[in-house]
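**Q** For reference, the structure I am asking about is given below.
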Amino acid sequence: MRLGSGTFAACCVAIEVLGVAIFLRGFFPAPVRSASRTEHRAESHAAEPAAGAVSNWTKLPPPLFRKVVIILIDALRDDFVFGSKGVKFMPYTTYLVEKGAAHSFVAEAKPPTVTMPRIKALMTGSLPGFVDVIRNLNSPELLEDNVIRQAKVAGKRMIFYGDETWLKLFPRHFMEYDGTTSFFVSDYTEVDNNVTRHLDSVLKRDDWDVLILHYLGLDHIGHLSGPNSPLIGHKLSEMDGALMKIHMGLLSKERGSLLPNLLVLCGDHGMSETGSHGASSTEEVSTPLVLVSSVFERKPGDVRHRKHVQQTDLAATLAISLGLPIPKSSVGRLLFPVVEGKSMREQLRFLHLNAVQLSKLLQENVPLYEKDPGFEQFQMSEKLHKNWIQLYLEENSSEVLLNLGTKVLRQYLDTLKTLSLSLSRQVAQYDTYSMAVGTVIVLEVFTLLLLSVPKALGPAAELDVPLSSPLFSLLFYLSLLVLSAVHVVVCTSAESACYFCSVSWLVAGGAVLLMSALLCAVVSALSETAMGSSSKRVGKSPDPSSSKWSELDVLILLGTAGHVLSLGASSFIEEEHQTWYFLVSTLCLALCQEIYKNQILGSDQDLLCGLHAESGPLRALPTVSSLPQGRARLGDGGTHEATSALQRLGSTERAVVLASPWAVLACCRLLRTLNQTGVQGAHRPDLGHWLTSSDHKAALSVLAALSLLAVFLLVQRRCSLLSKVALALGLLGIYCYRAAIGNVMSPWPRGNKALSRGILEARFVYVIVFGILFMGTKALLRAQAAAAGDKARTVGLWEIHSGLALLAALLLRPHNLPVLVCGLLVQTLMAKFIWKPLSHDAAEVTVMHYWFGQAFFYFQGNSNNIATVDISAGFVGLERYMELPAMFLTAFATYVGPILWASHLVNYLSSEASSRSALRHACFCYVLICSIPVSAYVVLVTSLRYHLFIWSVFSPKLLYEGMHLLITAAVCVFFTAVDQTKLTPS
Amino acid sequence: MKDTDITRLVYAHLLCIFSIILSTLLPSLFLENFSILETHLTWLCICSAFVTAVNLVLYLIVKPNAPSKRSSLSHKVARFLKCCIYFLMSCFGFHVIFVLYGAPLIELVLETFLFAVTLSTFTTVPCLCLLGPNIKAWLRVFSRNGVTSVWENSLQITTVFSFLGSWLGAFPIPLDWERPWQVWPISCTLGATFGYVAGLIISPLWIYWNRKQLTYKNN
Ligand SMILES: [Zn+2]
Ligand SMILES: [Zn+2]
């Protein structure tokens, strides 16, 4: 079967998407979580087990403490409290830890050691899987079962002061709150004073049950000057003072009340030796956890060896302490010392509750849970517990009870340990088999693409895809057999929990078939290439392609290779925007050099002609010697044509041509200052933050209005009249929408009308976008029907482009509108004054479009961190969260840059390119250049899967790459569709 | 004839390399606390001065492109002034390009400018010495197959290597190794210096290697 290279590329990218999807499914294990996560039903709590006699303890046990105060000090490392610094700067805490009624632990935080996931872990007791981040993109609210929600349901009155992340995670949960922002890292006094100033009044009052304080100052000092700065000492002393104040307050309240109070001091994560956090070094994951209460036994002495516990254990402990059900997806276990003072029956009851919760979670998440050692132990301990209760109810002698009870207790503690361990391990396992399948598919497709480059980029832009030959080839059946055997062996082997094994046999068979077919195709392409090259060698035709490469081609190759290599270093991934900015700047300079060379050398022919005519034959340059003397301006043919194209331009236009690379460079430099992104630069002040602050609303409004006007001017020139009008209305609607939701100032006085959500305005714009897209598609189809529809097709494509630009203008945040304007401006400049006069070929233009698309992806403030995804775009014009449209809108808003540049590529090539096969070449190149980083990255991530930064840096990038490939597939379908309209003869 | 040219080229280049080595060693005798990383700006100034001086001396001694006609003193002075203006323009031009590449606009202006000066000494000064203030000649030399002598060929190679060095020198900046040389513009200046030195070493070798293929119009 003969396929156009565009269609072939589209098929390849579709298969590649499939491969990447399988790989991702294997790479990101499904998180351990309870099935019923959002709805809150009145569930029955596990009753005390009893054999024979019925226990009267069926309800949840009552709270152990009356008031609980949680002091969370951001980035509190364990040695700040337990080490020499603690002794020096936190005397009161040290006294409590060493001599007072307190239990102290070293709580281990799991990476990523960043505040938000840590708060989640502390309050839900679950290990936030990576997929959670994606699933919870739609709302920052914590949807999982957690202690705060349970407390709210139970009617506890909670007060919160500190980092406003909590208020985002738990909106409407706190009776009273004061959030401080963690944005200004340079501020480390105000943030904490804002928390402490409430303490005096709150400690006097008695109308609350839970008080949570989150101090940010220490973290900010760490970021500013590291863990050894003198500021740390001051801050620790300040924290010690606050703790003393709270402890005194709580003690004074205890008089006359039945229940004691609990004070919890903890940190969310540690601090590395440089003062940062996020990774998994010992300094970053070790945090102190101190529980203080007057009921705890004072046991001076053994304070050297602190027990290491998990951070997730706090959730279960807090739930028990407050008399709440343990959060359903908690993998933590009760910190036993907290309940040590209670009676044996109560202790067993608490442990039983914890064990039941963990075993339930295990049942929901592990298919073969019955074989799990934890589950077996659980059944055993429950049985023992039953016996004990029976003895207890029969009122046996206390000594027997105590001995037996201690045994049950130990059994329970073991059970909890095993259960918790196997649940935690569930999260951290890679599904190697699925990963391997995905990698094989991706690599096979990539190899096939690489091998078909010479044919696909040939003048015909067509290649043979032998579909029937695999049916008769031995290799196909052989590989089919081997792969099926591997599948059967892997899936029947013990304790394999592969995703790929759990899919139906039909699907797995299809995948196996696909893999062997691809293998056959690769082998046949390989043999063809080998034969082709050998025949060439026999013919002794000197390969001229190597000498024809211009500086630009070399730059493109080097840039692509360099970018792929840079993906191996985590900092280059974090700062990938720098790579793209750098490459794009270099590209502009290279274009500049090309233009100037053509311009100046072209106009000064005499000198060069004379020079070349004399030296040409000597220099073994076939092009020069073969060309007639008068036309031999420069070494290669491409530049020669370009020169003549430049010559044809008028003087003003020539000046614009000379200035345009600099204008593009200036545009790019301006956009860089708009959004600081990445990790190192993210805290730096930028124009975007300046604009979005409420003081500069007027400036933002003017900028937004001007940008929308500029968008109109840039886009309208090639549209039909009707769509021009529609476009103007749409842009007006966008401004109204932004005014309605309060981003920009309203041009007319709105009176006392409150801010709306702008549903009406946004939907109006959507209608217009659909209208423009519809008109564009209609024009395209009409062009296909009519014979001489070239103009109609150009208009149709441009209308689709303008429709996309309009949608982008609606979804981008107002301060990002200049990105859109600059993008359109750069496109216009490059197309008109650089690509057209210099007549670059389709492949070069495609790669340049791709590079600019990537750069604009970062210009709009994106990074390889999930946190920079602008989720608000998913809510534009929607009354409530609707999954599909919201996901589509968010993806579009995130990938506006690449999408608009790809759409411009189609426009440019179908209107300007002379060759009929330009579009197909472009499509093939686009697929190739997109799949190079994906394929390399899939291999890279597999080999780096035990890297320190795998979760914090490499995994988010993997998701971005997968998403980008999906977008590429969509773009390629569009390419192929446009190509088809061009192809069909009528 | 060509072999003698190559020998002279080697000596000239050795002198340039020697001047760079000297600029790192000599000041530590006179200045306290001198080190390339800590007192980077001083080193940049000294290095630029040394390289410029050596280039001028070489120009006066070797006279690679002997002027065909005797020119008057006023003409020479005008030519010298023109060269100075070109040098300054190249410094500012490089500065602008660095800013366009992402160098901070307001902070570290002096550092950026001194980097521009250094890069100019590595690239523009040899060009000025060899080709004079003649943009067309420059463009000819830097377009493909435009060189007409061993000197121009080596000029092409050293200049391209200096640019390449400073270009590659920007790569380690985003890495989080937290080394003192990762600060802007130290890695770039070091890259430019290494590139220049590499170019100085490689160009005679390359010319010697390819001396059969290379035929110049003037020779
Ligand atoms: Zn934190
Ligand atoms: Zn922090």
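Here, A, B, ... name the chains of the structure tokens in the order displayed, residue numbers run from 1 inside each chain, and ligands are numbered from 1 in the same displayed order.
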Could you pull out the residues sitting within 8 Å of ligand 2, using only C-alpha atoms and all ligand atoms, and write them as a PDB file with N, CA and C atoms, in the first residue's frame?
**A**
ATOM      1  N   ASP A  74       7.200  25.171  59.139  1.00  0.00           N
ATOM      2  CA  ASP A  74       7.616  24.781  57.808  1.00  0.00           C
ATOM      3  C   ASP A  74       9.127  24.571  57.785  1.00  0.00           C
ATOM      4  N   ALA A  75       9.540  23.462  57.197  1.00  0.00           N
ATOM      5  CA  ALA A  75      10.969  23.147  57.006  1.00  0.00           C
ATOM      6  C   ALA A  75      11.699  22.959  58.334  1.00  0.00           C
ATOM      7  N   VAL A 114       7.628  18.791  49.532  1.00  0.00           N
ATOM      8  CA  VAL A 114       7.104  20.121  49.264  1.00  0.00           C
ATOM      9  C   VAL A 114       5.893  20.307  50.157  1.00  0.00           C
ATOM     10  N   THR A 115       5.596  21.536  50.488  1.00  0.00           N
ATOM     11  CA  THR A 115       4.617  21.786  51.535  1.00  0.00           C
ATOM     12  C   THR A 115       3.256  21.138  51.280  1.00  0.00           C
ATOM     13  N   ASP A 219      11.143  28.338  56.870  1.00  0.00           N
ATOM     14  CA  ASP A 219      11.333  27.894  55.489  1.00  0.00           C
ATOM     15  C   ASP A 219      11.900  29.030  54.641  1.00  0.00           C
ATOM     16  N   HIS A 220      11.357  30.221  54.838  1.00  0.00           N
ATOM     17  CA  HIS A 220      11.827  31.359  54.056  1.00  0.00           C
ATOM     18  C   HIS A 220      13.288  31.664  54.371  1.00  0.00           C
ATOM     19  N   GLY A 222      15.435  29.515  55.358  1.00  0.00           N
ATOM     20  CA  GLY A 222      16.203  28.454  54.710  1.00  0.00           C
ATOM     21  C   GLY A 222      16.450  28.763  53.248  1.00  0.00           C
ATOM     22  N   HIS A 223      15.391  29.189  52.560  1.00  0.00           N
ATOM     23  CA  HIS A 223      15.551  29.491  51.134  1.00  0.00           C
ATOM     24  C   HIS A 223      16.490  30.675  50.945  1.00  0.00           C
ATOM     25  N   SER A 276      17.213  24.358  50.612  1.00  0.00           N
ATOM     26  CA  SER A 276      16.029  24.092  49.790  1.00  0.00           C
ATOM     27  C   SER A 276      15.409  22.767  50.218  1.00  0.00           C
ATOM     28  N   HIS A 277      14.384  22.387  49.531  1.00  0.00           N
ATOM     29  CA  HIS A 277      13.749  21.108  49.841  1.00  0.00           C
ATOM     30  C   HIS A 277      12.982  20.641  48.619  1.00  0.00           C
TER      31      HIS A 277
END
**Q** What does the list of residues within 12 Å of ligand 1 look like if you count only C-alpha atoms and all ligand atoms, written as JSON, numbers by chain?
**A** {"A": [72, 73, 74, 75, 76, 77, 109, 111, 112, 113, 114, 115, 116, 117, 118, 119, 120, 162, 163, 164, 165, 166, 182, 185, 214, 215, 216, 217, 218, 219, 220, 221, 222, 223, 266, 267, 268, 269, 270, 271, 275, 276, 277, 278, 284, 285, 287]}
**Q** Neighbouring residues of A:Pro62 were defined as those with any atom within 10 Å, considering only C-alpha atoms; residues of the same chain fewer than 4 positions away were excluded. Please report them as a ChimeraX atom specification.
**A** /A:320-324
**Q** Please list as a list in words every residue within 9 Å of B:Ile17, counting only C-alpha atoms and excluding residues in the same chain fewer than 3 positions away.
**A**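 Answer for this query is Ala12, His13, Leu14, Ile20, Ile21, Leu22, Val51, Tyr196, Val197, Leu200 and Ile201 of chain B.
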**Q** Any idea what the distance is between atom CA of A:Ala460 and atom CA of A:Ala792?
**A** 25.3 Å
**Q** Which polymer residues have any atom within 9 Å of an atom of A:Ile326, counting only C-alpha atoms, with same-chain residues fewer than 5 positions away left out, as a ChimeraX atom specification?
**A** /A:124-125,145-147,150,315-320,353-354,357
**Q** Residues of the last selection are to be written out with all heavy atoms, as a short mmCIF file (atom, residue, chain, number, x, y, z; two decimals), in the first residue's frame.
**A**
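Resulting contents of selection11.cif:
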data_model
loop_
_atom_site.label_atom_id
_atom_site.label_comp_id
_atom_site.auth_asym_id
_atom_site.auth_seq_id
_atom_site.Cartn_x
_atom_site.Cartn_y
_atom_site.Cartn_z
N THR A 124 -4.28 13.33 55.67
CA THR A 124 -5.01 12.17 55.16
C THR A 124 -4.33 10.87 55.55
O THR A 124 -4.96 9.83 55.53
CB THR A 124 -5.09 12.18 53.63
OG1 THR A 124 -3.76 12.10 53.11
CG2 THR A 124 -5.74 13.43 53.11
N GLY A 125 -3.05 10.93 55.84
CA GLY A 125 -2.34 9.71 56.16
C GLY A 125 -2.02 8.88 54.94
O GLY A 125 -1.49 7.79 55.05
N ASP A 145 -10.61 11.61 52.02
CA ASP A 145 -11.00 11.60 53.43
C ASP A 145 -9.82 12.08 54.27
O ASP A 145 -8.69 11.66 54.05
CB ASP A 145 -11.36 10.16 53.81
CG ASP A 145 -12.06 10.12 55.14
OD1 ASP A 145 -12.44 11.20 55.62
OD2 ASP A 145 -12.23 9.01 55.67
N ASN A 146 -10.09 12.98 55.19
CA ASN A 146 -8.98 13.48 56.01
C ASN A 146 -9.46 13.88 57.40
O ASN A 146 -10.67 13.94 57.66
CB ASN A 146 -8.32 14.67 55.32
CG ASN A 146 -9.31 15.77 55.06
OD1 ASN A 146 -9.83 16.38 55.98
ND2 ASN A 146 -9.60 16.03 53.80
N VAL A 147 -8.54 14.14 58.25
CA VAL A 147 -8.86 14.42 59.65
C VAL A 147 -9.68 15.70 59.78
O VAL A 147 -10.63 15.76 60.55
CB VAL A 147 -7.56 14.52 60.47
CG1 VAL A 147 -7.87 14.87 61.91
CG2 VAL A 147 -6.80 13.22 60.42
N GLN A 150 -13.24 15.09 58.83
CA GLN A 150 -13.91 14.29 59.86
C GLN A 150 -14.22 15.15 61.09
O GLN A 150 -15.29 15.05 61.69
CB GLN A 150 -13.04 13.10 60.28
CG GLN A 150 -12.79 12.10 59.17
CD GLN A 150 -14.01 11.23 58.91
OE1 GLN A 150 -15.07 11.49 59.48
NE2 GLN A 150 -13.87 10.24 58.07
N ALA A 315 -1.93 11.16 61.03
CA ALA A 315 -3.36 11.26 60.74
C ALA A 315 -4.15 10.27 61.60
O ALA A 315 -5.14 10.65 62.24
CB ALA A 315 -3.60 11.00 59.26
N ALA A 316 -3.68 9.02 61.62
CA ALA A 316 -4.39 8.01 62.41
C ALA A 316 -4.36 8.39 63.88
O ALA A 316 -5.38 8.28 64.59
CB ALA A 316 -3.74 6.65 62.19
N THR A 317 -3.21 8.87 64.32
CA THR A 317 -3.08 9.23 65.74
C THR A 317 -4.02 10.38 66.10
O THR A 317 -4.69 10.35 67.13
CB THR A 317 -1.63 9.63 66.03
OG1 THR A 317 -0.78 8.64 65.49
CG2 THR A 317 -1.40 9.78 67.50
N LEU A 318 -4.07 11.39 65.23
CA LEU A 318 -4.95 12.52 65.50
C LEU A 318 -6.40 12.09 65.51
O LEU A 318 -7.19 12.54 66.36
CB LEU A 318 -4.75 13.60 64.43
CG LEU A 318 -3.59 14.57 64.63
CD1 LEU A 318 -3.54 15.54 63.48
CD2 LEU A 318 -3.73 15.31 65.95
N ALA A 319 -6.75 11.21 64.55
CA ALA A 319 -8.13 10.76 64.49
C ALA A 319 -8.53 10.05 65.77
O ALA A 319 -9.58 10.33 66.36
CB ALA A 319 -8.31 9.84 63.29
N ILE A 320 -7.67 9.17 66.24
CA ILE A 320 -7.96 8.46 67.49
C ILE A 320 -8.03 9.45 68.66
O ILE A 320 -8.94 9.39 69.50
CB ILE A 320 -6.86 7.42 67.76
CG1 ILE A 320 -6.85 6.35 66.66
CG2 ILE A 320 -7.03 6.80 69.15
CD1 ILE A 320 -7.89 5.29 66.80
N LEU A 353 -9.24 -0.81 65.62
CA LEU A 353 -9.81 0.14 64.66
C LEU A 353 -8.81 0.43 63.54
O LEU A 353 -9.14 0.42 62.36
CB LEU A 353 -10.15 1.45 65.38
CG LEU A 353 -11.46 1.49 66.13
CD1 LEU A 353 -11.58 2.80 66.88
CD2 LEU A 353 -12.63 1.33 65.16
N ASN A 354 -7.59 0.68 63.93
CA ASN A 354 -6.54 0.99 62.96
C ASN A 354 -6.31 -0.20 62.02
O ASN A 354 -6.22 -0.04 60.80
CB ASN A 354 -5.26 1.35 63.71
CG ASN A 354 -4.26 2.08 62.85
OD1 ASN A 354 -3.16 2.35 63.27
ND2 ASN A 354 -4.62 2.43 61.61
N GLN A 357 -9.14 -0.61 59.54
CA GLN A 357 -9.08 0.39 58.46
C GLN A 357 -8.00 0.02 57.45
O GLN A 357 -8.22 0.06 56.24
CB GLN A 357 -8.80 1.76 59.10
CG GLN A 357 -8.64 2.89 58.11
CD GLN A 357 -7.20 3.22 57.87
OE1 GLN A 357 -6.35 3.07 58.75
NE2 GLN A 357 -6.90 3.67 56.67
#
**Q** Counting only C-alpha atoms, which residue out of A:Ile212, A:Ile71, A:Leu231, A:Ala779 sits closest to A:Thr981?
**A**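 Among the listed residues, A:Ala779 lies closest to A:Thr981.
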**Q** Could you list, as a list in words, every residue of chain A that has an atom within 7 Å of an atom of chain B, counting only C-alpha atoms?
**A**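 Taken together, these residues fit the definition: Ser571, Phe572, Glu575, Phe582, Ser585, Lys597, Ser615, Leu665, Ala666 and Arg669 of chain A.
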**Q** Once you have the residues from the selection above, write them out as a JSON list (two decimals), in the first residue's frame, restricted to N, CA and C atoms.
**A**
[["chain", "number", "residue", "atom", "x", "y", "z"],
["A", 571, "SER", "N", 18.34, 19.36, 36.43],
["A", 571, "SER", "CA", 18.25, 20.83, 36.43],
["A", 571, "SER", "C", 17.90, 21.35, 35.04],
["A", 572, "PHE", "N", 18.37, 20.65, 34.01],
["A", 572, "PHE", "CA", 18.01, 21.10, 32.68],
["A", 572, "PHE", "C", 16.53, 20.90, 32.42],
["A", 575, "GLU", "N", 14.84, 23.70, 34.22],
["A", 575, "GLU", "CA", 15.07, 24.98, 33.55],
["A", 575, "GLU", "C", 15.01, 24.79, 32.04],
["A", 582, "PHE", "N", 17.32, 29.88, 24.62],
["A", 582, "PHE", "CA", 18.68, 29.94, 24.09],
["A", 582, "PHE", "C", 18.69, 29.51, 22.62],
["A", 585, "SER", "N", 16.94, 32.09, 20.41],
["A", 585, "SER", "CA", 17.78, 33.26, 20.18],
["A", 585, "SER", "C", 18.87, 32.94, 19.17],
["A", 597, "LYS", "N", 24.29, 38.06, 5.08],
["A", 597, "LYS", "CA", 25.21, 37.53, 4.10],
["A", 597, "LYS", "C", 24.63, 37.70, 2.70],
["A", 615, "SER", "N", 38.63, 31.24, -8.09],
["A", 615, "SER", "CA", 38.97, 30.19, -7.13],
["A", 615, "SER", "C", 38.03, 29.01, -7.22],
["A", 665, "LEU", "N", 13.91, 38.88, 18.05],
["A", 665, "LEU", "CA", 14.72, 38.70, 19.26],
["A", 665, "LEU", "C", 14.23, 39.59, 20.39],
["A", 666, "ALA", "N", 13.92, 40.84, 20.04],
["A", 666, "ALA", "CA", 13.45, 41.77, 21.07],
["A", 666, "ALA", "C", 12.13, 41.30, 21.65],
["A", 669, "ARG", "N", 12.81, 38.54, 24.02],
["A", 669, "ARG", "CA", 13.41, 39.02, 25.27],
["A", 669, "ARG", "C", 12.37, 39.66, 26.16]]
**Q** Could you please determine the separation between atom CA of B:Trp181 and atom CA of B:Ser90 in Å, to one decimal place?
**A** 25.3 Å
**Q** Looking at B:Phe92, B:Ser23, B:Trp209, B:Leu37, which one is nearest to B:Gln182, with distances taken over only C-alpha atoms?
**A** B:Leu37
**Q** One decimal, Å: what's the distance from atom CA of A:Leu404 over to atom CA of A:Leu348, could you say?
**A**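 Distance between the two atoms: 11.5 Å.
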**Q** Please return, as a PyMOL selection string, all residues of stretch 716-924 of chain A that DSSP assigns to alpha helix (DSSP H) on the basis of the backbone.
**A** chain A and resi 716+721-740+759-785+790-811+817-829+836-838+842-859+883-894+896-912+918-924
**Q** If we count only C-alpha atoms and set the cut-off at 7 Å, which residues sit around A:Leu700, ignoring sequence neighbours fewer than 6 positions away in its own chain? Please answer as an mmCIF file with all heavy atoms, in the first residue's frame.
**A**
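Output file around-v1.cif is given in full below:
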data_model
loop_
_atom_site.group_PDB
_atom_site.id
_atom_site.type_symbol
_atom_site.label_atom_id
_atom_site.label_comp_id
_atom_site.auth_asym_id
_atom_site.auth_seq_id
_atom_site.Cartn_x
_atom_site.Cartn_y
_atom_site.Cartn_z
ATOM 1 N N LEU A 691 1.728 42.967 37.050
ATOM 2 C CA LEU A 691 0.467 43.305 36.390
ATOM 3 C C LEU A 691 -0.726 42.741 37.137
ATOM 4 O O LEU A 691 -1.779 43.376 37.208
ATOM 5 C CB LEU A 691 0.470 42.753 34.963
ATOM 6 C CG LEU A 691 1.281 43.541 33.960
ATOM 7 C CD1 LEU A 691 1.407 42.761 32.669
ATOM 8 C CD2 LEU A 691 0.628 44.881 33.691
ATOM 9 N N VAL A 744 -10.066 42.827 34.834
ATOM 10 C CA VAL A 744 -9.725 44.142 34.306
ATOM 11 C C VAL A 744 -10.853 45.106 34.654
ATOM 12 O O VAL A 744 -11.936 44.689 35.076
ATOM 13 C CB VAL A 744 -9.527 44.099 32.787
ATOM 14 C CG1 VAL A 744 -8.345 43.248 32.430
ATOM 15 C CG2 VAL A 744 -10.765 43.603 32.094
ATOM 16 N N HIS A 815 -2.844 38.928 31.714
ATOM 17 C CA HIS A 815 -1.468 39.399 31.607
ATOM 18 C C HIS A 815 -0.674 38.590 30.599
ATOM 19 O O HIS A 815 0.434 38.963 30.238
ATOM 20 C CB HIS A 815 -0.783 39.397 32.977
ATOM 21 C CG HIS A 815 -0.395 38.032 33.449
ATOM 22 N ND1 HIS A 815 -1.245 37.230 34.164
ATOM 23 C CD2 HIS A 815 0.735 37.329 33.289
ATOM 24 C CE1 HIS A 815 -0.644 36.092 34.431
ATOM 25 N NE2 HIS A 815 0.559 36.117 33.908
#
**Q** May I have the residues within 10 Å of B:Leu88 as a list of chain:residue names, using only C-alpha atoms and disregarding those fewer than 3 positions away in the same chain?
**A**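 So, after excluding close chain neighbours, the residues are B:Lys82, B:Cys83, B:Cys84, B:Ile85, B:Cys91, B:Phe92, B:Gly93, B:Phe94, B:Ala116, B:Val117, B:Ser120, B:Thr124.
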**Q** Between B:Gly165, B:Lys212, B:Cys45, B:Gly199, which residue has the minimum interatomic distance to B:Cys16, considering only C-alpha atoms?
**A**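 The closest residue to B:Cys16 is B:Gly199.
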**Q** My list of candidates is B:Ser166, B:Thr24, B:Asn134, B:Asn55. Which is closest to B:Pro185 when distances are computed with only C-alpha atoms?
**A**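 Between B:Ser166, B:Thr24, B:Asn134, B:Asn55, the residue approaching B:Pro185 most closely is B:Ser166.
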